$ cat start_32.cif   # mmCIF, C-alpha atoms (C1' of nucleotides)
data_start
loop_
_atom_site.group_PDB
_atom_site.id
_atom_site.type_symbol
_atom_site.label_atom_id
_atom_site.label_comp_id
_atom_site.auth_asym_id
_atom_site.auth_seq_id
_atom_site.Cartn_x
_atom_site.Cartn_y
_atom_site.Cartn_z
ATOM 1 C CA MET A 557 137.099 32.424 157.235
ATOM 2 C CA ASN A 558 140.321 31.157 158.703
ATOM 3 C CA SER A 559 141.747 32.370 161.967
ATOM 4 C CA ASP A 560 144.123 34.838 160.313
ATOM 5 C CA ASP A 561 141.264 36.525 158.498
ATOM 6 C CA SER A 562 139.388 36.751 161.736
ATOM 7 C CA ILE A 563 142.335 38.282 163.600
ATOM 8 C CA ASP A 564 142.852 40.669 160.697
ATOM 9 C CA ALA A 565 139.254 41.838 160.918
ATOM 10 C CA ILE A 566 139.270 42.172 164.684
ATOM 11 C CA PHE A 567 142.473 44.142 165.061
ATOM 12 C CA SER A 568 141.681 46.292 162.096
ATOM 13 C CA ALA A 569 138.249 47.001 163.565
ATOM 14 C CA LEU A 570 139.947 48.106 166.763
ATOM 15 C CA SER A 571 142.564 50.186 164.989
ATOM 16 C CA ASP A 572 140.255 53.075 164.141
ATOM 17 C CA ARG A 573 139.348 55.522 166.886
ATOM 18 C CA THR A 574 135.951 56.379 165.444
ATOM 19 C CA ARG A 575 135.160 52.680 165.482
ATOM 20 C CA ARG A 576 136.358 52.330 169.058
ATOM 21 C CA GLN A 577 134.118 55.234 169.909
ATOM 22 C CA VAL A 578 131.188 53.483 168.236
ATOM 23 C CA LEU A 579 132.014 50.362 170.217
ATOM 24 C CA GLY A 580 131.844 52.397 173.392
ATOM 25 C CA ARG A 581 128.458 53.765 172.465
ATOM 26 C CA LEU A 582 127.235 50.279 171.587
ATOM 27 C CA ALA A 583 128.411 49.049 174.949
ATOM 28 C CA ARG A 584 126.586 51.737 176.876
ATOM 29 C CA ALA A 585 123.367 51.650 174.893
ATOM 30 C CA ASP A 586 122.573 47.973 174.563
ATOM 31 C CA SER A 587 120.754 48.609 171.279
ATOM 32 C CA VAL A 588 121.088 51.600 169.002
ATOM 33 C CA THR A 589 120.517 52.713 165.412
ATOM 34 C CA ALA A 590 123.026 54.213 163.015
ATOM 35 C CA THR A 591 121.057 57.435 162.914
ATOM 36 C CA GLU A 592 121.107 57.695 166.694
ATOM 37 C CA LEU A 593 124.828 57.101 166.706
ATOM 38 C CA ALA A 594 125.410 59.727 164.043
ATOM 39 C CA THR A 595 123.845 62.444 166.152
ATOM 40 C CA GLY A 596 126.450 63.215 168.724
ATOM 41 C CA MET A 597 129.385 62.205 166.623
ATOM 42 C CA ASP A 598 131.073 64.377 164.052
ATOM 43 C CA VAL A 599 130.635 62.168 161.007
ATOM 44 C CA SER A 600 127.679 61.387 158.782
ATOM 45 C CA ARG A 601 125.226 58.561 159.231
ATOM 46 C CA GLN A 602 126.664 56.814 156.189
ATOM 47 C CA ALA A 603 130.129 56.857 157.709
ATOM 48 C CA ILE A 604 128.700 55.301 160.860
ATOM 49 C CA VAL A 605 126.949 52.653 158.782
ATOM 50 C CA LYS A 606 130.247 51.713 157.169
ATOM 51 C CA HIS A 607 131.908 51.454 160.546
ATOM 52 C CA LEU A 608 129.082 49.281 161.793
ATOM 53 C CA GLN A 609 129.533 47.020 158.795
ATOM 54 C CA ALA A 610 133.223 46.709 159.594
ATOM 55 C CA LEU A 611 132.352 45.929 163.204
ATOM 56 C CA SER A 612 129.759 43.389 162.086
ATOM 57 C CA SER A 613 132.142 41.557 159.830
ATOM 58 C CA ALA A 614 134.596 41.375 162.713
ATOM 59 C CA GLY A 615 131.796 39.939 164.838
ATOM 60 C CA PHE A 616 131.489 42.908 167.172
ATOM 61 C CA ALA A 617 127.962 43.907 166.208
ATOM 62 C CA THR A 618 124.721 42.097 165.581
ATOM 63 C CA THR A 619 121.719 43.640 163.871
ATOM 64 C CA GLU A 620 118.050 43.263 164.447
ATOM 65 C CA ARG A 621 115.377 44.820 162.299
ATOM 66 C CA SER A 622 112.531 46.450 164.116
ATOM 67 C CA GLY A 623 110.008 48.050 161.795
ATOM 68 C CA ARG A 624 111.832 50.594 159.737
ATOM 69 C CA GLU A 625 114.781 50.748 162.068
ATOM 70 C CA VAL A 626 117.845 48.567 162.266
ATOM 71 C CA ARG A 627 119.126 48.249 165.785
ATOM 72 C CA TYR A 628 122.706 47.274 166.490
ATOM 73 C CA SER A 629 123.941 45.489 169.598
ATOM 74 C CA LEU A 630 127.365 44.731 170.935
ATOM 75 C CA ASP A 631 128.804 41.233 170.809
ATOM 76 C CA PRO A 632 131.890 41.019 173.006
ATOM 77 C CA ALA A 633 133.087 37.665 171.656
ATOM 78 C CA PRO A 634 135.742 39.019 169.273
ATOM 79 C CA LEU A 635 137.337 40.891 172.146
ATOM 80 C CA ARG A 636 137.912 37.580 173.819
ATOM 81 C CA GLU A 637 139.433 36.264 170.630
ATOM 82 C CA ALA A 638 141.798 39.230 170.479
ATOM 83 C CA ALA A 639 142.693 38.678 174.108
ATOM 84 C CA ARG A 640 143.427 35.053 173.412
ATOM 85 C CA TRP A 641 145.660 35.902 170.468
ATOM 86 C CA ILE A 642 147.605 38.408 172.528
ATOM 87 C CA SER A 643 147.913 35.987 175.385
ATOM 88 C CA ASP A 644 149.091 33.133 173.151
ATOM 89 C CA GLU A 645 151.503 35.313 171.262
ATOM 90 C CA GLY A 646 152.784 36.915 174.417
ATOM 91 C CA ALA A 647 153.421 33.510 175.880
ATOM 92 C CA ARG A 648 155.518 32.589 172.879
ATOM 93 C CA TRP A 649 157.442 35.805 173.186
ATOM 94 C CA ASP A 650 159.013 34.036 176.104
ATOM 95 C CA ASP A 651 159.006 34.813 179.750
ATOM 96 C CA ARG A 652 159.625 38.508 179.383
ATOM 97 C CA LEU A 653 155.861 38.490 179.057
ATOM 98 C CA GLY A 654 154.936 36.039 181.739
ATOM 99 C CA ARG A 655 152.904 38.570 183.613
ATOM 100 C CA LEU A 656 150.693 39.209 180.609
ATOM 101 C CA ARG A 657 148.674 36.080 181.118
ATOM 102 C CA SER A 658 147.426 36.931 184.540
ATOM 103 C CA LEU A 659 146.326 40.291 183.254
ATOM 104 C CA LEU A 660 144.067 38.665 180.716
ATOM 105 C CA GLN A 661 142.939 35.738 182.786
ATOM 106 C CA ASP A 662 139.205 35.749 183.309
ATOM 107 C CA ARG A 663 138.427 39.037 181.724
ATOM 108 C CA PRO A 664 136.993 40.071 179.246
ATOM 109 C CA GLY A 665 133.795 38.146 179.453
ATOM 110 C CA ARG A 666 133.115 34.633 180.544
ATOM 111 C CA THR A 667 132.704 32.142 177.782
ATOM 112 C CA MET B 635 151.501 61.180 171.431
ATOM 113 C CA ASN B 636 148.307 60.736 173.362
ATOM 114 C CA SER B 637 146.922 57.401 174.393
ATOM 115 C CA ASP B 638 144.541 57.185 171.460
ATOM 116 C CA ASP B 639 147.367 57.629 168.986
ATOM 117 C CA SER B 640 149.277 54.938 170.747
ATOM 118 C CA ILE B 641 146.355 52.510 170.673
ATOM 119 C CA ASP B 642 145.802 53.358 167.028
ATOM 120 C CA ALA B 643 149.391 52.531 166.190
ATOM 121 C CA ILE B 644 149.422 49.321 168.190
ATOM 122 C CA PHE B 645 146.204 47.793 166.863
ATOM 123 C CA SER B 646 146.960 48.885 163.348
ATOM 124 C CA ALA B 647 150.414 47.303 163.642
ATOM 125 C CA LEU B 648 148.745 44.070 164.697
ATOM 126 C CA SER B 649 146.120 44.221 161.976
ATOM 127 C CA ASP B 650 148.404 43.140 159.146
ATOM 128 C CA ARG B 651 149.311 39.490 158.858
ATOM 129 C CA THR B 652 152.702 40.146 157.293
ATOM 130 C CA ARG B 653 153.499 42.372 160.251
ATOM 131 C CA ARG B 654 152.321 39.722 162.694
ATOM 132 C CA GLN B 655 154.586 37.299 160.880
ATOM 133 C CA VAL B 656 157.491 39.713 161.248
ATOM 134 C CA LEU B 657 156.685 40.022 164.935
ATOM 135 C CA GLY B 658 156.880 36.254 165.225
ATOM 136 C CA ARG B 659 160.271 36.192 163.557
ATOM 137 C CA LEU B 660 161.489 39.003 165.784
ATOM 138 C CA ALA B 661 160.355 37.064 168.809
ATOM 139 C CA ARG B 662 162.178 33.917 167.819
ATOM 140 C CA ALA B 663 165.391 35.561 166.679
ATOM 141 C CA ASP B 664 166.058 38.098 169.401
ATOM 142 C CA SER B 665 167.925 40.284 166.913
ATOM 143 C CA VAL B 666 167.605 40.278 163.150
ATOM 144 C CA THR B 667 168.143 42.466 160.090
ATOM 145 C CA ALA B 668 165.606 43.457 157.466
ATOM 146 C CA THR B 669 167.575 41.598 154.829
ATOM 147 C CA GLU B 670 167.550 38.426 156.894
ATOM 148 C CA LEU B 671 163.815 38.759 157.394
ATOM 149 C CA ALA B 672 163.223 39.293 153.710
ATOM 150 C CA THR B 673 164.813 35.989 152.791
ATOM 151 C CA GLY B 674 162.214 33.435 153.725
ATOM 152 C CA MET B 675 159.273 35.730 153.298
ATOM 153 C CA ASP B 676 157.561 36.486 150.033
ATOM 154 C CA VAL B 677 157.981 40.243 149.987
ATOM 155 C CA SER B 678 160.907 42.492 149.243
ATOM 156 C CA ARG B 679 163.364 43.878 151.763
ATOM 157 C CA GLN B 680 161.895 47.340 151.304
ATOM 158 C CA ALA B 681 158.454 46.069 152.216
ATOM 159 C CA ILE B 682 159.922 44.513 155.348
ATOM 160 C CA VAL B 683 161.652 47.780 156.174
ATOM 161 C CA LYS B 684 158.345 49.603 155.976
ATOM 162 C CA HIS B 685 156.721 47.048 158.225
ATOM 163 C CA LEU B 686 159.564 47.409 160.694
ATOM 164 C CA GLN B 687 159.068 51.158 160.686
ATOM 165 C CA ALA B 688 155.396 50.679 161.445
ATOM 166 C CA LEU B 689 156.305 48.271 164.237
ATOM 167 C CA SER B 690 158.884 50.715 165.566
ATOM 168 C CA SER B 691 156.482 53.608 165.675
ATOM 169 C CA ALA B 692 154.055 51.406 167.579
ATOM 170 C CA GLY B 693 156.874 50.593 169.973
ATOM 171 C CA PHE B 694 157.202 46.943 169.014
ATOM 172 C CA ALA B 695 160.712 47.147 167.605
ATOM 173 C CA THR B 696 163.969 48.746 168.659
ATOM 174 C CA THR B 697 166.953 49.181 166.379
ATOM 175 C CA GLU B 698 170.644 48.932 167.027
ATOM 176 C CA ARG B 699 173.321 49.681 164.498
ATOM 177 C CA SER B 700 176.164 47.204 164.326
ATOM 178 C CA GLY B 701 178.695 48.052 161.640
ATOM 179 C CA ARG B 702 176.881 48.193 158.356
ATOM 180 C CA GLU B 703 173.901 46.288 159.623
ATOM 181 C CA VAL B 704 170.844 47.464 161.475
ATOM 182 C CA ARG B 705 169.571 44.865 163.864
ATOM 183 C CA TYR B 706 165.985 44.901 165.074
ATOM 184 C CA SER B 707 164.758 43.501 168.377
ATOM 185 C CA LEU B 708 161.345 42.887 169.814
ATOM 186 C CA ASP B 709 159.931 45.091 172.514
ATOM 187 C CA PRO B 710 156.879 43.433 174.035
ATOM 188 C CA ALA B 711 155.671 46.507 175.919
ATOM 189 C CA PRO B 712 152.977 47.557 173.413
ATOM 190 C CA LEU B 713 151.417 44.133 173.661
ATOM 191 C CA ARG B 714 150.860 44.776 177.322
ATOM 192 C CA GLU B 715 149.317 48.100 176.478
ATOM 193 C CA ALA B 716 146.938 46.400 174.055
ATOM 194 C CA ALA B 717 146.118 43.814 176.675
ATOM 195 C CA ARG B 718 145.356 46.513 179.158
ATOM 196 C CA TRP B 719 143.064 48.342 176.744
ATOM 197 C CA ILE B 720 141.188 45.143 175.988
ATOM 198 C CA SER B 721 140.961 44.260 179.622
ATOM 199 C CA ASP B 722 139.659 47.692 180.611
ATOM 200 C CA GLU B 723 137.208 47.867 177.758
ATOM 201 C CA GLY B 724 136.046 44.326 178.333
ATOM 202 C CA ALA B 725 135.431 45.121 181.963
ATOM 203 C CA ARG B 726 133.206 48.031 181.017
ATOM 204 C CA TRP B 727 131.314 45.887 178.531
ATOM 205 C CA ASP B 728 130.911 43.135 181.029
ATOM 206 C CA ASP B 729 129.434 45.566 183.479
ATOM 207 C CA ARG B 730 126.639 46.316 181.113
ATOM 208 C CA LEU B 731 126.193 42.718 180.027
ATOM 209 C CA GLY B 732 126.277 41.672 183.625
ATOM 210 C CA ARG B 733 123.523 44.114 184.524
ATOM 211 C CA LEU B 734 121.559 42.959 181.533
ATOM 212 C CA ARG B 735 122.023 39.363 182.450
ATOM 213 C CA SER B 736 120.856 39.794 185.989
ATOM 214 C CA LEU B 737 117.861 41.749 184.781
ATOM 215 C CA LEU B 738 116.958 38.985 182.396
ATOM 216 C CA GLN B 739 117.399 36.388 185.059
ATOM 217 C CA ASP B 740 115.166 38.355 187.375
ATOM 218 C CA ARG B 741 117.737 38.415 190.085
ATOM 219 C CA PRO B 742 118.542 41.315 192.333
ATOM 220 C CA GLY B 743 121.424 43.053 190.637
ATOM 221 C CA ARG B 744 124.566 43.703 192.575
ATOM 222 C CA THR B 745 125.596 47.349 192.438
ATOM 223 C "C1'" DT C 339 96.537 58.337 151.109
ATOM 224 C "C1'" DG C 340 100.299 61.005 151.620
ATOM 225 C "C1'" DA C 341 104.021 63.151 154.175
ATOM 226 C "C1'" DA C 342 107.934 62.185 156.965
ATOM 227 C "C1'" DC C 343 111.323 59.345 158.696
ATOM 228 C "C1'" DG C 344 114.916 55.735 158.648
ATOM 229 C "C1'" DT C 345 117.546 52.872 155.522
ATOM 230 C "C1'" DG C 346 120.005 51.267 151.535
ATOM 231 C "C1'" DC C 347 122.556 51.917 147.379
ATOM 232 C "C1'" DA C 348 125.700 54.223 144.350
ATOM 233 C "C1'" DA C 349 129.045 57.433 142.804
ATOM 234 C "C1'" DC C 350 132.635 60.179 143.939
ATOM 235 C "C1'" DT C 351 136.897 62.338 146.370
ATOM 236 C "C1'" DC C 352 141.106 62.076 149.051
ATOM 237 C "C1'" DT C 353 144.279 59.846 151.760
ATOM 238 C "C1'" DT C 354 146.651 55.969 153.504
ATOM 239 C "C1'" DG C 355 148.929 51.559 153.041
ATOM 240 C "C1'" DG C 356 151.299 47.663 151.107
ATOM 241 C "C1'" DG C 357 154.291 46.728 147.653
ATOM 242 C "C1'" DT C 358 157.676 47.361 143.917
ATOM 243 C "C1'" DT C 359 161.898 48.963 141.360
ATOM 244 C "C1'" DG C 360 165.963 51.690 140.752
ATOM 245 C "C1'" DC C 361 169.890 53.927 142.405
ATOM 246 C "C1'" DG C 362 173.361 55.894 145.323
ATOM 247 C "C1'" DC C 363 176.001 55.618 149.514
ATOM 248 C "C1'" DT C 364 178.988 53.552 153.082
ATOM 249 C "C1'" DA C 365 181.378 50.079 155.642
ATOM 250 C "C1'" DG C 366 184.032 45.597 155.662
ATOM 251 C "C1'" DG C 367 186.611 41.818 153.974
ATOM 252 C "C1'" DG C 368 189.451 39.790 150.675
ATOM 253 C "C1'" DC D 427 192.479 49.263 147.513
ATOM 254 C "C1'" DC D 428 188.612 47.793 145.385
ATOM 255 C "C1'" DC D 429 184.547 45.016 145.291
ATOM 256 C "C1'" DT D 430 180.526 43.686 147.396
ATOM 257 C "C1'" DA D 431 177.062 43.375 150.931
ATOM 258 C "C1'" DG D 432 173.689 45.952 153.318
ATOM 259 C "C1'" DC D 433 171.282 49.925 153.838
ATOM 260 C "C1'" DG D 434 168.542 54.415 152.850
ATOM 261 C "C1'" DC D 435 165.998 57.348 149.813
ATOM 262 C "C1'" DA D 436 162.727 58.406 146.277
ATOM 263 C "C1'" DA D 437 159.389 57.659 142.789
ATOM 264 C "C1'" DC D 438 155.875 55.157 141.465
ATOM 265 C "C1'" DC D 439 151.552 51.772 141.201
ATOM 266 C "C1'" DC D 440 147.342 50.028 142.823
ATOM 267 C "C1'" DA D 441 143.949 48.848 146.184
ATOM 268 C "C1'" DA D 442 141.542 49.739 150.205
ATOM 269 C "C1'" DG D 443 139.594 52.931 153.718
ATOM 270 C "C1'" DA D 444 137.307 56.877 155.587
ATOM 271 C "C1'" DG D 445 134.240 60.097 154.428
ATOM 272 C "C1'" DT D 446 130.824 62.720 151.646
ATOM 273 C "C1'" DT D 447 126.478 63.728 148.894
ATOM 274 C "C1'" DG D 448 122.336 62.563 146.380
ATOM 275 C "C1'" DC D 449 118.484 59.866 145.689
ATOM 276 C "C1'" DA D 450 115.283 55.917 145.756
ATOM 277 C "C1'" DC D 451 112.632 52.672 148.593
ATOM 278 C "C1'" DG D 452 109.856 50.881 152.308
ATOM 279 C "C1'" DT D 453 107.320 51.813 157.007
ATOM 280 C "C1'" DT D 454 104.613 54.534 160.046
ATOM 281 C "C1'" DC D 455 101.107 57.190 161.332
ATOM 282 C "C1'" DA D 456 98.317 61.385 161.174
#
$ encode --input "start_32.cif" --output "structure tokens"
Amino acid sequence: MNSDDSIDAIFSALSDRTRRQVLGRLARADSVTATELATGMDVSRQAIVKHLQALSSAGFATTERSGREVRYSLDPAPLREAARWISDEGARWDDRLGRLRSLLQDRPGRT
Amino acid sequence: MNSDDSIDAIFSALSDRTRRQVLGRLARADSVTATELATGMDVSRQAIVKHLQALSSAGFATTERSGREVRYSLDPAPLREAARWISDEGARWDDRLGRLRSLLQDRPGRT
DNA sequence: TGAACGTGCAACTCTTGGGTTGCGCTAGGG
DNA sequence: CCCTAGCGCAACCCAAGAGTTGCACGTTCA
């Protein structure tokens, strides 16, 4: 998977509000199943599963099987990648964007 | 347009590689027409026009009519908005990961 | 062992998105 | 004044995305 594919997957994962909502839940829960996620959101479990697959293939979610459950956890790494792309691109968009870099400096996450 | 719509539009604008390529050309040219963009890329002018409309509605492009041409320019503002979303979200994720990390390291958590 | 629960797989619908072609209109430049 | 360059609109194609329902399979545990 080249870098363009990866950026494609990341931004497209972030472009859906249901998926961003799932990301938020993942972030607050530290480990959660698709069924748990589905209760409390207005879509079916299967829809959630598909979103989780999209998030996984963008690198945002990792899975761990525990008995008959599959628990999903957040991986923040792709967010850093997105931040780096924006920062790099913004830098190239010349000094109109100079201030962007400081905004993204040591957040999100430490590597 | 609420903030979610805006984030939707921005990330979905960034999620297509042709559109990212157009953004790059916009950044380097400081004012360019759809026809100019189409020469040198492997899609039709109409496809470029559609991409420019998507970029416009995300706030990335502004148009200015000059005679019979329509010249497009880059507006970097949405990139800042994306950066801010990522930064905010990343901060919230880091909070949780930070708590988790200090728990795992058996250190007294701050906060 | 058997019922119940959580998943996985598949088929299906509807909408959106990226792309194309064709054509008509208008503004400029010889 | 006319021809051409550049644009806008509309119709269309095809693939992917978001979502649904139905059912089969494996795990748990009473």
$ resolve_selection --input "start_32.cif" --expression "the PyMOL selection byres ((chain A) within 10 of (chain D))" --output "PyMOL selection string"
chain A and resi 572+574+599-600+602-604+606-607+623-625
$ residues_near_point --input "start_32.cif" --point "(169.0, 35.8, 161.5)" --cutoff "12 Å" --atoms "all atoms listed in the file" --output "ChimeraX atom specification"
/B:659-674,703-707
$ atom_distance --input "start_32.cif" --atom1 "CA of Arg651 (chain B)" --atom2 "CA of Gly580 (chain A)"
26.1 Å
$ closest_residue --input "start_32.cif" --among "B:Ala716, B:Ser649, B:Asn636, B:Phe694" --to "chain A" --atoms "all atoms listed in the file"
B:Ser649
$ calpha_fit_and_write --input "start_32.cif" --fixed "chain B" --moving "chain A" --output "PDB file with C-alpha atoms, in the frame of the given file"
ATOM      1  CA  MET A 557     150.237  61.587 172.527  1.00  0.00           C
ATOM      2  CA  ASN A 558     146.714  61.607 173.840  1.00  0.00           C
ATOM      3  CA  SER A 559     144.677  58.493 174.401  1.00  0.00           C
ATOM      4  CA  ASP A 560     142.845  58.777 171.079  1.00  0.00           C
ATOM      5  CA  ASP A 561     146.112  58.852 169.172  1.00  0.00           C
ATOM      6  CA  SER A 562     147.250  55.827 171.071  1.00  0.00           C
ATOM      7  CA  ILE A 563     144.051  53.890 170.353  1.00  0.00           C
ATOM      8  CA  ASP A 564     144.298  54.950 166.719  1.00  0.00           C
ATOM      9  CA  ALA A 565     147.817  53.566 166.475  1.00  0.00           C
ATOM     10  CA  ILE A 566     147.001  50.336 168.264  1.00  0.00           C
ATOM     11  CA  PHE A 567     143.897  49.388 166.328  1.00  0.00           C
ATOM     12  CA  SER A 568     145.422  50.437 163.070  1.00  0.00           C
ATOM     13  CA  ALA A 569     148.485  48.332 163.860  1.00  0.00           C
ATOM     14  CA  LEU A 570     146.193  45.374 164.428  1.00  0.00           C
ATOM     15  CA  SER A 571     144.132  46.012 161.319  1.00  0.00           C
ATOM     16  CA  ASP A 572     146.714  44.703 158.866  1.00  0.00           C
ATOM     17  CA  ARG A 573     147.127  40.954 158.515  1.00  0.00           C
ATOM     18  CA  THR A 574     150.795  41.121 157.581  1.00  0.00           C
ATOM     19  CA  ARG A 575     151.370  43.082 160.765  1.00  0.00           C
ATOM     20  CA  ARG A 576     149.409  40.573 162.816  1.00  0.00           C
ATOM     21  CA  GLN A 577     151.555  37.894 161.271  1.00  0.00           C
ATOM     22  CA  VAL A 578     154.686  39.804 162.272  1.00  0.00           C
ATOM     23  CA  LEU A 579     153.292  40.109 165.781  1.00  0.00           C
ATOM     24  CA  GLY A 580     152.872  36.358 165.882  1.00  0.00           C
ATOM     25  CA  ARG A 581     156.444  35.819 164.810  1.00  0.00           C
ATOM     26  CA  LEU A 582     157.649  38.333 167.388  1.00  0.00           C
ATOM     27  CA  ALA A 583     155.711  36.496 170.046  1.00  0.00           C
ATOM     28  CA  ARG A 584     157.209  33.133 169.200  1.00  0.00           C
ATOM     29  CA  ALA A 585     160.773  34.302 168.715  1.00  0.00           C
ATOM     30  CA  ASP A 586     161.431  36.547 171.679  1.00  0.00           C
ATOM     31  CA  SER A 587     163.949  38.563 169.656  1.00  0.00           C
ATOM     32  CA  VAL A 588     164.270  38.746 165.900  1.00  0.00           C
ATOM     33  CA  THR A 589     165.662  40.924 163.113  1.00  0.00           C
ATOM     34  CA  ALA A 590     163.812  42.381 160.155  1.00  0.00           C
ATOM     35  CA  THR A 591     165.917  40.329 157.783  1.00  0.00           C
ATOM     36  CA  GLU A 592     165.062  37.136 159.635  1.00  0.00           C
ATOM     37  CA  LEU A 593     161.402  38.023 159.515  1.00  0.00           C
ATOM     38  CA  ALA A 594     161.546  38.762 155.806  1.00  0.00           C
ATOM     39  CA  THR A 595     162.752  35.275 154.993  1.00  0.00           C
ATOM     40  CA  GLY A 596     159.694  33.148 155.342  1.00  0.00           C
ATOM     41  CA  MET A 597     157.237  35.861 154.534  1.00  0.00           C
ATOM     42  CA  ASP A 598     156.260  36.951 151.065  1.00  0.00           C
ATOM     43  CA  VAL A 599     157.235  40.605 151.278  1.00  0.00           C
ATOM     44  CA  SER A 600     160.559  42.404 151.185  1.00  0.00           C
ATOM     45  CA  ARG A 601     162.709  43.286 154.153  1.00  0.00           C
ATOM     46  CA  GLN A 602     161.878  46.955 153.679  1.00  0.00           C
ATOM     47  CA  ALA A 603     158.173  46.222 153.907  1.00  0.00           C
ATOM     48  CA  ILE A 604     158.803  44.351 157.146  1.00  0.00           C
ATOM     49  CA  VAL A 605     160.826  47.277 158.466  1.00  0.00           C
ATOM     50  CA  LYS A 606     157.913  49.610 157.808  1.00  0.00           C
ATOM     51  CA  HIS A 607     155.548  47.280 159.599  1.00  0.00           C
ATOM     52  CA  LEU A 608     157.922  47.089 162.530  1.00  0.00           C
ATOM     53  CA  GLN A 609     158.018  50.867 162.664  1.00  0.00           C
ATOM     54  CA  ALA A 610     154.231  50.952 162.749  1.00  0.00           C
ATOM     55  CA  LEU A 611     154.258  48.351 165.512  1.00  0.00           C
ATOM     56  CA  SER A 612     156.899  50.314 167.409  1.00  0.00           C
ATOM     57  CA  SER A 613     154.972  53.538 167.281  1.00  0.00           C
ATOM     58  CA  ALA A 614     151.945  51.682 168.607  1.00  0.00           C
ATOM     59  CA  GLY A 615     154.141  50.365 171.411  1.00  0.00           C
ATOM     60  CA  PHE A 616     154.085  46.741 170.308  1.00  0.00           C
ATOM     61  CA  ALA A 617     157.783  46.421 169.541  1.00  0.00           C
ATOM     62  CA  THR A 618     160.986  47.474 171.215  1.00  0.00           C
ATOM     63  CA  THR A 619     164.362  47.525 169.507  1.00  0.00           C
ATOM     64  CA  GLU A 620     167.795  46.725 170.737  1.00  0.00           C
ATOM     65  CA  ARG A 621     170.946  47.170 168.723  1.00  0.00           C
ATOM     66  CA  SER A 622     173.409  44.347 168.852  1.00  0.00           C
ATOM     67  CA  GLY A 623     176.454  44.930 166.684  1.00  0.00           C
ATOM     68  CA  ARG A 624     175.251  45.414 163.169  1.00  0.00           C
ATOM     69  CA  GLU A 625     171.879  43.886 163.835  1.00  0.00           C
ATOM     70  CA  VAL A 626     168.738  45.430 165.226  1.00  0.00           C
ATOM     71  CA  ARG A 627     166.710  42.961 167.206  1.00  0.00           C
ATOM     72  CA  TYR A 628     163.017  43.485 167.802  1.00  0.00           C
ATOM     73  CA  SER A 629     161.048  42.178 170.766  1.00  0.00           C
ATOM     74  CA  LEU A 630     157.382  42.044 171.557  1.00  0.00           C
ATOM     75  CA  ASP A 631     155.828  44.357 174.118  1.00  0.00           C
ATOM     76  CA  PRO A 632     152.332  43.167 174.990  1.00  0.00           C
ATOM     77  CA  ALA A 633     151.288  46.350 176.802  1.00  0.00           C
ATOM     78  CA  PRO A 634     149.285  47.900 173.947  1.00  0.00           C
ATOM     79  CA  LEU A 635     147.202  44.751 173.725  1.00  0.00           C
ATOM     80  CA  ARG A 636     146.110  45.375 177.262  1.00  0.00           C
ATOM     81  CA  GLU A 637     145.252  48.929 176.341  1.00  0.00           C
ATOM     82  CA  ALA A 638     143.130  47.714 173.437  1.00  0.00           C
ATOM     83  CA  ALA A 639     141.443  45.232 175.733  1.00  0.00           C
ATOM     84  CA  ARG A 640     140.694  47.972 178.202  1.00  0.00           C
ATOM     85  CA  TRP A 641     139.198  50.200 175.523  1.00  0.00           C
ATOM     86  CA  ILE A 642     136.983  47.398 174.278  1.00  0.00           C
ATOM     87  CA  SER A 643     135.940  46.518 177.779  1.00  0.00           C
ATOM     88  CA  ASP A 644     135.131  50.127 178.699  1.00  0.00           C
ATOM     89  CA  GLU A 645     133.300  50.770 175.478  1.00  0.00           C
ATOM     90  CA  GLY A 646     131.449  47.501 175.684  1.00  0.00           C
ATOM     91  CA  ALA A 647     130.337  48.357 179.173  1.00  0.00           C
ATOM     92  CA  ARG A 648     128.897  51.620 177.936  1.00  0.00           C
ATOM     93  CA  TRP A 649     127.118  49.826 175.151  1.00  0.00           C
ATOM     94  CA  ASP A 650     124.864  48.714 177.943  1.00  0.00           C
ATOM     95  CA  ASP A 651     124.119  45.326 179.307  1.00  0.00           C
ATOM     96  CA  ARG A 652     123.783  43.607 175.975  1.00  0.00           C
ATOM     97  CA  LEU A 653     127.523  43.316 176.431  1.00  0.00           C
ATOM     98  CA  GLY A 654     127.718  42.410 180.064  1.00  0.00           C
ATOM     99  CA  ARG A 655     129.421  39.148 179.351  1.00  0.00           C
ATOM    100  CA  LEU A 656     132.261  40.878 177.544  1.00  0.00           C
ATOM    101  CA  ARG A 657     133.959  41.950 180.721  1.00  0.00           C
ATOM    102  CA  SER A 658     134.477  38.514 182.106  1.00  0.00           C
ATOM    103  CA  LEU A 659     135.999  37.471 178.828  1.00  0.00           C
ATOM    104  CA  LEU A 660     138.669  40.109 179.141  1.00  0.00           C
ATOM    105  CA  GLN A 661     139.171  39.938 182.862  1.00  0.00           C
ATOM    106  CA  ASP A 662     142.698  38.950 183.755  1.00  0.00           C
ATOM    107  CA  ARG A 663     143.968  38.237 180.319  1.00  0.00           C
ATOM    108  CA  PRO A 664     145.956  39.434 178.348  1.00  0.00           C
ATOM    109  CA  GLY A 665     148.931  39.885 180.567  1.00  0.00           C
ATOM    110  CA  ARG A 666     149.178  40.906 184.157  1.00  0.00           C
ATOM    111  CA  THR A 667     150.051  44.496 184.752  1.00  0.00           C
TER     112      THR A 667
END
$ resolve_selection --input "start_32.cif" --expression "the PyMOL selection byres ((chain C) within 8 of (chain B))" --output "JSON, numbers by chain"
{"C": [356, 357, 358, 364, 365]}
$ atom_distance --input "start_32.cif" --atom1 "CA of Leu611 (chain A)" --atom2 "CA of Ser691 (chain B)"
25.4 Å
$ atom_distance --input "start_32.cif" --atom1 "CA of Glu715 (chain B)" --atom2 "CA of Arg575 (chain A)"
18.5 Å
